[in-house]
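> Structure provided below as structure tokens; questions to follow.
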Amino acid sequence: MGKVIVVTSGKGGVGKTTTSAAVATGLALRGHRTVVIDFDVGLRNLDLVMGCERRVVFDFINVINGDANLNQALIRDKRIENLYVFPTSQTRDKDALKRDGVDRVMTELKKTFDYIICDSPAGIEHGALTALYHADSAIIVTNPEVSSVRDSDRIIGMLASKTRRAEKREKPVEEHLLLTRYSPERVRKGEMLSVDDVKEILSVPLLGIIPESETVLKASNTGMPVILDADSPAGRAYEDAVARFLGEQREMRFVMPERKNFLRGWFGRAAS
Amino acid sequence: MSLFDFFFPKKPASAAIAKERLQIVLAHERAGRDGPDFLPLLQKELLAVVAKYIPVKDDMIRVNLGKAGTASVLEINVEMPGAKMMKGMTAATA
């Protein structure tokens, strides 16, 4: 039986789609059969981030309505084996994701995939609740910033009450905190909430820290999941996060700023 | 503390302010979140029933869910209108 992972945050623009693409790719690279689903009906973007926008023929809504079957709608990644993208529709009807239709699709996907990554839309409306309903595990994407932390707290509350697991009183959804757009230098200066601050406030175990990095934009420009850029700090950080998700022990990187040189380390404090 | 910091005392770091504000607002929001969401509707329906017999206004009925030890207590307070007003009402409806 496949495991369902929702990538959620409450707030928009924190890196849910970037994370969904990176984590799905990372899991597939490690040999797991993985599908990543876009739940953001009307605002399709996962296809662009995954670089398969010109190959979309059928979508989630088509499958729910019975106009196409799953195999027709799933897009096989050209770079990585075992990786599939399930695009959403560009129709404006946010309520098109009917519960029984989604149930049917999820049951079907769980039979053939090891991991099903659900890229949630922002907000706490129907789309976001549908995305988290089937979750076995949740990656809560948070920026070290007040509004993002508050919205994450709200979503954590919903994971505890609005999921299938909560309704059926099963084992609660496994929660993972992923701190993105983190700037160790600004944390050092006291301008940004630190990893420990966010961990303390949300009390969710930390899956990883993704440093603010230029390569994230470059990757989305070209439709390449950032995890494939093994030289970039963000790519390495996602690689670590996937390894931790699979149970490996890896030390947290990018917590403190890297020392540029010896002199700066020595005199930098007084000058800043 | 370096000599530099002594002559140019720092303002409190903004991250510390952010953390404190978040802790306060989230403590408040979490307390409200655990309550069931039927309370407003229950209050409305109770008001409708009570209003059939006693002339009460919206703000005269209060429904609260509290805790007493391990048990949850549903507390319903109905403020009875004054005797004078009651008389007026009965006269009007009669």
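To be explicit about the labels: the chains of the structure tokens are called A, B, and onward in the order shown, and within each one the residues are counted from 1, while ligands get numbers from 1 in the order they are shown.
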Which residues are close to Asp58 of chain B, i.e. within 12 Å by only C-alpha atoms, leaving aside same-chain residues fewer than 2 positions away? Reply as a VMD selection string.
chain B and resid 40 43 to 48 50 to 51 55 to 56 60 to 63 78 to 79
> For segment 12-17 of chain A, work out the shell of residues within 8 Å, counting only C-alpha atoms and skipping chain neighbours fewer than 5 positions away, then give it as a ChimeraX atom specification.
/A:7,45-46,49,119-123,141-143,148,180-181
> Can you check which parts of chain B lie within 6 Å of chain A? Per residue, the shortest pair of atoms and distance in Å to one decimal, counting only C-alpha atoms, sorted by chain and number, as a Markdown table.

```
| residue | atom | partner | partner_atom | distance |
| --- | --- | --- | --- | --- |
| B:Ala13 | CA | A:Gly190 | CA | 5.0 |
| B:Ser14 | CA | A:Glu191 | CA | 5.4 |
| B:Ala15 | CA | A:Met192 | CA | 4.9 |
```
> Can you pull out the residues contacting Ser137 of chain A? Cut-off 6 Å, using only C-alpha atoms, and skip same-chain residues under 3 positions away; I want them as a list in words.
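Near Ser137 of chain A, the qualifying residues are Ile5, Val173, Glu174 and Glu175 of chain A.
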> Near Ala22 of chain A, within 8 Å and counting only C-alpha atoms, which residues show up once chain neighbours fewer than 2 positions away are dropped, as JSON, numbers by chain?
{"A": [18, 19, 20, 24, 25, 26, 225, 226, 227, 228, 238]}
> Please, could you write that set of residues out with N, CA and C atoms as a PDB file, in the first residue's frame?

```
ATOM      1  N   THR A  18       7.601  23.818  -5.059  1.00  0.00           N
ATOM      2  CA  THR A  18       9.039  23.540  -5.161  1.00  0.00           C
ATOM      3  C   THR A  18       9.376  22.301  -4.331  1.00  0.00           C
ATOM      4  N   THR A  19       8.820  22.247  -3.107  1.00  0.00           N
ATOM      5  CA  THR A  19       9.078  21.124  -2.212  1.00  0.00           C
ATOM      6  C   THR A  19       8.461  19.832  -2.741  1.00  0.00           C
ATOM      7  N   SER A  20       7.218  19.903  -3.214  1.00  0.00           N
ATOM      8  CA  SER A  20       6.560  18.714  -3.761  1.00  0.00           C
ATOM      9  C   SER A  20       7.387  18.125  -4.892  1.00  0.00           C
ATOM     10  N   ALA A  24       9.329  14.550  -4.397  1.00  0.00           N
ATOM     11  CA  ALA A  24       8.890  13.466  -5.290  1.00  0.00           C
ATOM     12  C   ALA A  24      10.069  12.966  -6.124  1.00  0.00           C
ATOM     13  N   THR A  25      10.827  13.903  -6.665  1.00  0.00           N
ATOM     14  CA  THR A  25      11.988  13.522  -7.481  1.00  0.00           C
ATOM     15  C   THR A  25      13.012  12.765  -6.637  1.00  0.00           C
ATOM     16  N   GLY A  26      13.251  13.259  -5.423  1.00  0.00           N
ATOM     17  CA  GLY A  26      14.206  12.612  -4.523  1.00  0.00           C
ATOM     18  C   GLY A  26      13.803  11.177  -4.189  1.00  0.00           C
ATOM     19  N   PRO A 225      13.307  20.090 -11.254  1.00  0.00           N
ATOM     20  CA  PRO A 225      13.220  20.083  -9.782  1.00  0.00           C
ATOM     21  C   PRO A 225      14.588  20.402  -9.175  1.00  0.00           C
ATOM     22  N   VAL A 226      14.631  21.284  -8.184  1.00  0.00           N
ATOM     23  CA  VAL A 226      15.902  21.827  -7.677  1.00  0.00           C
ATOM     24  C   VAL A 226      16.803  20.742  -7.072  1.00  0.00           C
ATOM     25  N   ILE A 227      16.207  19.635  -6.661  1.00  0.00           N
ATOM     26  CA  ILE A 227      16.990  18.546  -6.064  1.00  0.00           C
ATOM     27  C   ILE A 227      17.959  17.934  -7.085  1.00  0.00           C
ATOM     28  N   LEU A 228      17.660  18.120  -8.388  1.00  0.00           N
ATOM     29  CA  LEU A 228      18.548  17.575  -9.425  1.00  0.00           C
ATOM     30  C   LEU A 228      19.824  18.416  -9.563  1.00  0.00           C
ATOM     31  N   TYR A 238      17.493  19.560   0.113  1.00  0.00           N
ATOM     32  CA  TYR A 238      16.336  18.710  -0.190  1.00  0.00           C
ATOM     33  C   TYR A 238      16.737  17.234  -0.191  1.00  0.00           C
TER      34      TYR A 238
END
```
> Excluding Ile210 of chain A and any residue of its chain fewer than 6 positions from it, enumerate the residues within 8 Å of it, using only C-alpha atoms, and give them as a list of chain:residue names.
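Using only C-alpha atoms, the neighbours found are A:Leu178, A:Leu179, A:Thr180, A:Arg181, A:Tyr182, A:Pro233, A:Ala234, A:Ala237, A:Tyr238, A:Phe254.
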> Given the selection you just returned, output its residues as a file containing N, CA, C and O atoms, formatted as a tab-separated table (two decimals), in the first residue's frame.

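What ended up in out24.tsv:
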```
chain	number	residue	atom	x	y	z
A	178	LEU	N	9.36	21.55	7.54
A	178	LEU	CA	10.43	21.89	6.60
A	178	LEU	C	10.54	23.41	6.56
A	178	LEU	O	9.61	24.10	6.13
A	179	LEU	N	11.64	23.92	7.02
A	179	LEU	CA	11.85	25.36	7.08
A	179	LEU	C	12.53	25.80	5.79
A	179	LEU	O	13.64	25.37	5.49
A	180	THR	N	11.84	26.64	5.01
A	180	THR	CA	12.39	27.04	3.71
A	180	THR	C	12.72	28.53	3.70
A	180	THR	O	12.26	29.28	4.56
A	181	ARG	N	13.50	28.93	2.71
A	181	ARG	CA	13.95	30.32	2.53
A	181	ARG	C	14.66	30.82	3.79
A	181	ARG	O	14.48	31.96	4.21
A	182	TYR	N	15.45	29.96	4.36
A	182	TYR	CA	16.14	30.26	5.61
A	182	TYR	C	17.44	30.97	5.31
A	182	TYR	O	18.19	30.58	4.42
A	233	PRO	N	23.10	24.64	-2.76
A	233	PRO	CA	22.78	24.39	-1.35
A	233	PRO	C	21.34	23.89	-1.17
A	233	PRO	O	21.10	22.94	-0.42
A	234	ALA	N	20.39	24.49	-1.91
A	234	ALA	CA	18.99	24.07	-1.77
A	234	ALA	C	18.81	22.63	-2.24
A	234	ALA	O	18.11	21.84	-1.60
A	237	ALA	N	20.15	20.40	0.36
A	237	ALA	CA	19.29	20.40	1.55
A	237	ALA	C	18.04	19.53	1.32
A	237	ALA	O	17.60	18.83	2.23
A	238	TYR	N	17.49	19.56	0.11
A	238	TYR	CA	16.34	18.71	-0.19
A	238	TYR	C	16.74	17.23	-0.19
A	238	TYR	O	15.99	16.37	0.25
A	254	PHE	N	23.29	24.17	7.16
A	254	PHE	CA	22.79	25.54	6.91
A	254	PHE	C	22.12	26.15	8.13
A	254	PHE	O	21.30	27.05	8.00
```
> Excluding segment 89-103 of chain A and its own-chain neighbours fewer than 5 positions away, which residues fall within 9 Å of it when counting only C-alpha atoms? Please give them as a VMD selection string.
chain A and resid 38 to 44 58 to 65 108 126 to 127 130 134
> Which of these residues is nearest to Thr88 of chain A, using only C-alpha atoms: A:Tyr115, A:Val242, A:Leu48, A:Ile124?
A:Leu48
> Any idea what the distance is between atom CA of Thr34 of chain A and atom CA of Thr8 of chain A?
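Value for the atom CA of Thr34 of chain A-atom CA of Thr8 of chain A distance: 17.9 Å.
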> Using only C-alpha atoms, which of the listed residues (A:Ala166, A:Gly208, A:Ser152, A:Thr215) sits closest to Leu22 of chain B?
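Looking only at the distances to Leu22 of chain B, the closest residue turns out to be A:Ser152.
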> List every residue of segment 8-164 of chain A that DSSP, applied to the backbone, labels as strand (DSSP E), and write the result as a list in words.
Thr8, Thr34, Val35, Val36, Ile37, Asp38, Ile75, Arg76, Leu83, Tyr84, Val85, Phe86, Tyr115, Ile116, Ile117, Cys118, Asp119, Ser137, Ala138, Ile139, Ile140, Val141 and Thr142 of chain A
